[in-house]
Amino acid sequence: MAEALFHSPKTHGFVRVAAATPVSHVGDPRANGQEHVALIRQAGEQGVDLMVFPELSLSAYAIDDLHMQAALLDEVERQIAVAAEATAEAGVVAVVGAPIRNGDALYNCAVVIGAGEVLGVVPKTYLPNYREYYEKRWFAPATARAEDVIRLNGETVDFAPGLLFEAVNRPGFVFSVEICEDYWAPLPPSTRAALAGARIVLNLSASNIVIGKADERAMLSASHSARTLSAYVFAASGWGESTTDLAWDGQATIHELGSKLAEGARFALDSHLTIADVDVDRIGLDRLRNGTFAECARNEGEPATVVPFMAREDHEASELIRPLDRFPFVPDDAGRLDQDCYEAFNIQVQGLMRRMTATGAKSLVIGVSGGLDSTQALLVACRAFDRLDLPRTNILGFTMPGFATSDGTKSNAWALMTALGVTGAEIDIRPAAEQMFKDIGHPYAEGQPVHDITFENVQAGLRTDYLFRLANQHRAFVLGTGDLSELALGWATYGVGDHMSHYNVNGGVAKTLIRHLIRWVAAGDLIGAGARDTLHAILDTEISPELVPAKDGVIQSTERTVGPYALNDFFLFYISRFGMTPSKVAFLAHQAWGDAGAGHWPANTPDDEKVEYDLATIKVWLRKFLIRFFQTAQFKRSALPNGPKVVTGGSLSPRGDWRAPSDGDARVWLDELDANVPD
């Protein structure tokens, strides 16, 4: 990278995990052991903390009655010791699959090894004995064990399902293990393990492949990680397993909180790793916020045996291995973006429709500036009126030019209203503003070019005054336009149109998403093709409040004042949704927006949004965000009008996701940032 990272992912609560897919050697533990050692060493070189192999990986799975051969079982135990020695050299904790004897019974086990020793053994709970499976012919279930310890290679270790393995030197690094069929059960053992504190669940699987089964396994992993608020690492048997009656694809997936972080190549012919950085800190923060999870843990959880271990602590700076959206409110995938735009737009439309039917309103008033937010609100209004079978002429749009209104935005506002078929009108607010300047004794009334906050807010306030009185006159209500990003930053004059209205459809939509919503509408046929060119012209216009006249040809720029909305939306997502520390948010922003993230753009991202930010720039804007968000803007959010929540974790309504004191202080967040992120 062009710039050294200030921390390793591990210092921010990340655990690097790997699903190992070794070439399998049927009934040959020594050859399998060599495959394991090679992958363990490879994992160590790539900074992996924790890795999982497939089910019965040291013996192979599809060997049938060979599982009962003493020579094979003896060699499996010897190879466990060899693999354990490899973990000491590599600094990796590995979970391998092995048939293990205990007393007069044989168990299908996950053997957890690290630092040169066996840390614990987890027997399989549910043994499939239907269709092509005959595991009860060879193995005893976990419930058949007589005690919770086992002696293996001269060591006495814990032997039970649901064991928790906790890194004593890495907070939140807690994992549990289950085996194949266990997670097809109605109540997988990992559910109780998660309730007991496991944040990572590993699954050793020998699930054979048939058409459609890979999708089923991915669905189970995704849904289980979402339901248990955990990360789920799945490793299935691949090339080399016996194909007497079955075939194997070596599926390997890593999911976190329902989202896929990594997926390995299926049907590969070589041994390989599938690696991702799991955010155990994020998982913990999500559980902290989810009262249902904690209550379920109290009601359904059971005490678990905790096995402590020392995890590797090398904090060498490295790039993050996981998907990381530069625009967390705008998905990278084109298909998902289309779906999100469809849902977001219709949430806005239905929210407005319900408010209109509840109030009996047949018309509304909206200020149309020719900017992004008023454009999106007007598009929503048009669609709502269409669905309510109301004429668009009942939408009363007003452009209200002031002292800095440009010809471009004014003409775009008129072109948009005309193309959409709404009732347009213009009210020049300058005479009223000049009278107010005179009444309050503002220097501008005496011909002095004083463009202070009063100069700006007189214009903003008058526009709102006109809209509310026009709503009274026409028995309508005022449709708000201010968006989620502006509310986060407090970038709105208290009590004016971006802040106050009768109903605000944009309050739950981030600025970065609004851009894509307008593009989505322009590309479709919901509103009509006549407005398409105007919508693109609006998208190409720099964001400005247009309250202060241009100076030396340079217009008043919103983003030069509050920072790039792309960064602010990134900060907002991780701070409001997860409560992450500012230093971690800065780390993630640098991973996403520094040169490490170059080229990862959402679909349809325009060239002027494809920029990079170094760490120093990120810190400057993050400091300003923290002050605005925690200290100066909350009093405005405490008095917000109604409006629909649209994005996950994105409601700043005092009645919704975010409730905070209006007289808060940003010091603790600023101190944390300054203490951990260099200038």
# chains A, B, ... in the order shown; residues from 1 in each chain; ligands from 1
>>> residues_around(residues="Thr143 of chain A", least_positions_apart="3", cutoff="10 Å", atoms="only C-alpha atoms", output="MDAnalysis selection string")
chainID A and resid 123:126 140 146:147 160:161
>>> residues_around(residues="Val306 of chain A", least_positions_apart="3", cutoff="7 Å", atoms="only C-alpha atoms", output="ChimeraX atom specification")
/A:163-166
>>> closest_residue(among="A:Leu462, A:Val37, A:Ala404, A:Ala344", to="Phe329 of chain A", atoms="only C-alpha atoms")
A:Ala344
>>> select_by_dssp(residues="segment 288-320 of chain A", states="strand (DSSP E or B)", output="PyMOL selection string")
chain A and resi 306-309
>>> closest_atom_pairs(of="segment 330-383 of chain A", to="segment 631-644 of chain A", cutoff="12 Å", atoms="only C-alpha atoms", output="Markdown table")
| residue | atom | partner | partner_atom | distance |
| --- | --- | --- | --- | --- |
| A:Ala344 | CA | A:Pro644 | CA | 9.8 |
| A:Phe345 | CA | A:Pro644 | CA | 10.9 |
| A:Asn346 | CA | A:Pro644 | CA | 10.6 |
| A:Ile347 | CA | A:Pro644 | CA | 7.0 |
| A:Gln348 | CA | A:Pro644 | CA | 6.5 |
| A:Val349 | CA | A:Pro644 | CA | 9.5 |
| A:Gln350 | CA | A:Pro644 | CA | 8.9 |
| A:Gly351 | CA | A:Pro644 | CA | 5.9 |
| A:Leu352 | CA | A:Gly643 | CA | 8.2 |
| A:Met353 | CA | A:Pro644 | CA | 11.3 |
| A:Arg354 | CA | A:Pro644 | CA | 10.5 |
| A:Arg355 | CA | A:Gly643 | CA | 9.3 |
| A:Ala377 | CA | A:Gly643 | CA | 11.7 |
>>> write_last_selection(atoms="N, CA and C atoms", output="PDB file, in the first residue's frame")
ATOM      1  N   ALA A 344     -36.658   0.909  -1.251  1.00  0.00           N
ATOM      2  CA  ALA A 344     -36.559   2.241  -0.653  1.00  0.00           C
ATOM      3  C   ALA A 344     -37.606   3.176  -1.238  1.00  0.00           C
ATOM      4  N   PHE A 345     -37.725   3.187  -2.546  1.00  0.00           N
ATOM      5  CA  PHE A 345     -38.678   4.089  -3.200  1.00  0.00           C
ATOM      6  C   PHE A 345     -40.104   3.763  -2.777  1.00  0.00           C
ATOM      7  N   ASN A 346     -40.422   2.476  -2.726  1.00  0.00           N
ATOM      8  CA  ASN A 346     -41.792   2.108  -2.370  1.00  0.00           C
ATOM      9  C   ASN A 346     -42.085   2.303  -0.889  1.00  0.00           C
ATOM     10  N   ILE A 347     -41.069   2.199  -0.033  1.00  0.00           N
ATOM     11  CA  ILE A 347     -41.267   2.548   1.374  1.00  0.00           C
ATOM     12  C   ILE A 347     -41.638   4.015   1.495  1.00  0.00           C
ATOM     13  N   GLN A 348     -40.908   4.867   0.776  1.00  0.00           N
ATOM     14  CA  GLN A 348     -41.212   6.297   0.795  1.00  0.00           C
ATOM     15  C   GLN A 348     -42.618   6.558   0.256  1.00  0.00           C
ATOM     16  N   VAL A 349     -42.940   5.927  -0.860  1.00  0.00           N
ATOM     17  CA  VAL A 349     -44.246   6.151  -1.498  1.00  0.00           C
ATOM     18  C   VAL A 349     -45.372   5.699  -0.577  1.00  0.00           C
ATOM     19  N   GLN A 350     -45.254   4.504  -0.009  1.00  0.00           N
ATOM     20  CA  GLN A 350     -46.346   4.008   0.831  1.00  0.00           C
ATOM     21  C   GLN A 350     -46.472   4.808   2.122  1.00  0.00           C
ATOM     22  N   GLY A 351     -45.332   5.264   2.659  1.00  0.00           N
ATOM     23  CA  GLY A 351     -45.414   6.126   3.835  1.00  0.00           C
ATOM     24  C   GLY A 351     -46.218   7.386   3.545  1.00  0.00           C
ATOM     25  N   LEU A 352     -45.934   8.016   2.419  1.00  0.00           N
ATOM     26  CA  LEU A 352     -46.660   9.227   2.047  1.00  0.00           C
ATOM     27  C   LEU A 352     -48.129   8.927   1.747  1.00  0.00           C
ATOM     28  N   MET A 353     -48.384   7.833   1.064  1.00  0.00           N
ATOM     29  CA  MET A 353     -49.772   7.468   0.762  1.00  0.00           C
ATOM     30  C   MET A 353     -50.586   7.281   2.039  1.00  0.00           C
ATOM     31  N   ARG A 354     -49.982   6.610   3.022  1.00  0.00           N
ATOM     32  CA  ARG A 354     -50.725   6.368   4.260  1.00  0.00           C
ATOM     33  C   ARG A 354     -50.997   7.664   5.001  1.00  0.00           C
ATOM     34  N   ARG A 355     -50.011   8.581   5.007  1.00  0.00           N
ATOM     35  CA  ARG A 355     -50.231   9.848   5.683  1.00  0.00           C
ATOM     36  C   ARG A 355     -51.335  10.654   4.988  1.00  0.00           C
ATOM     37  N   ALA A 377     -38.016  13.844  -3.297  1.00  0.00           N
ATOM     38  CA  ALA A 377     -39.318  13.987  -2.637  1.00  0.00           C
ATOM     39  C   ALA A 377     -40.426  14.206  -3.662  1.00  0.00           C
TER      40      ALA A 377
END
>>> closest_residue(among="A:Gly402, A:Pro661, A:Pro171, A:Gly490", to="Phe629 of chain A", atoms="only C-alpha atoms")
A:Gly490
>>> closest_residue(among="A:Ser242, A:Gln435, A:Thr541, A:Ser225", to="Ser24 of chain A", atoms="only C-alpha atoms")
A:Ser242
>>> closest_residue(among="A:Gly408, A:Pro29, A:Pro189, A:Pro22", to="Ala71 of chain A", atoms="only C-alpha atoms")
A:Pro29
>>> closest_atom_pairs(of="segment 185-219 of chain A", to="segment 271-279 of chain A", cutoff="12 Å", atoms="only C-alpha atoms", output="Markdown table")
| residue | atom | partner | partner_atom | distance |
| --- | --- | --- | --- | --- |
| A:Arg199 | CA | A:Asp279 | CA | 9.2 |
| A:Ile200 | CA | A:Val278 | CA | 8.2 |
| A:Val201 | CA | A:Val278 | CA | 11.1 |
>>> write_last_selection(atoms="all heavy atoms", output="compact mmCIF listing (two decimals), in the first residue's frame")
# COMPACT_ATOMS: atom_id res chain seq x y z
N ARG A 199 -18.90 -16.49 19.54
CA ARG A 199 -19.14 -15.52 18.47
C ARG A 199 -18.78 -16.07 17.10
O ARG A 199 -19.17 -15.49 16.08
CB ARG A 199 -18.38 -14.22 18.75
CG ARG A 199 -18.84 -13.53 20.02
CD ARG A 199 -18.20 -12.17 20.21
NE ARG A 199 -18.59 -11.59 21.49
CZ ARG A 199 -18.19 -10.41 21.94
NH1 ARG A 199 -17.38 -9.66 21.19
NH2 ARG A 199 -18.58 -9.96 23.12
N ILE A 200 -18.02 -17.14 17.08
CA ILE A 200 -17.68 -17.83 15.83
C ILE A 200 -18.09 -19.29 15.98
O ILE A 200 -17.80 -19.91 17.00
CB ILE A 200 -16.17 -17.74 15.53
CG1 ILE A 200 -15.70 -16.29 15.46
CG2 ILE A 200 -15.83 -18.47 14.23
CD1 ILE A 200 -14.20 -16.15 15.35
N VAL A 201 -18.76 -19.82 14.97
CA VAL A 201 -19.14 -21.23 14.96
C VAL A 201 -18.47 -21.89 13.75
O VAL A 201 -18.52 -21.36 12.64
CB VAL A 201 -20.66 -21.40 14.87
CG1 VAL A 201 -21.02 -22.89 14.79
CG2 VAL A 201 -21.36 -20.75 16.06
>>> atom_distance(atom1="atom CA of Asn290 of chain A", atom2="atom CA of Asp569 of chain A")
23.0 Å
>>> atom_distance(atom1="atom CA of Val17 of chain A", atom2="atom CA of Val121 of chain A")
19.3 Å
>>> closest_residue(among="A:Asp595, A:Asp338, A:Asp452, A:Glu426", to="Glu612 of chain A", atoms="only C-alpha atoms")
A:Asp595
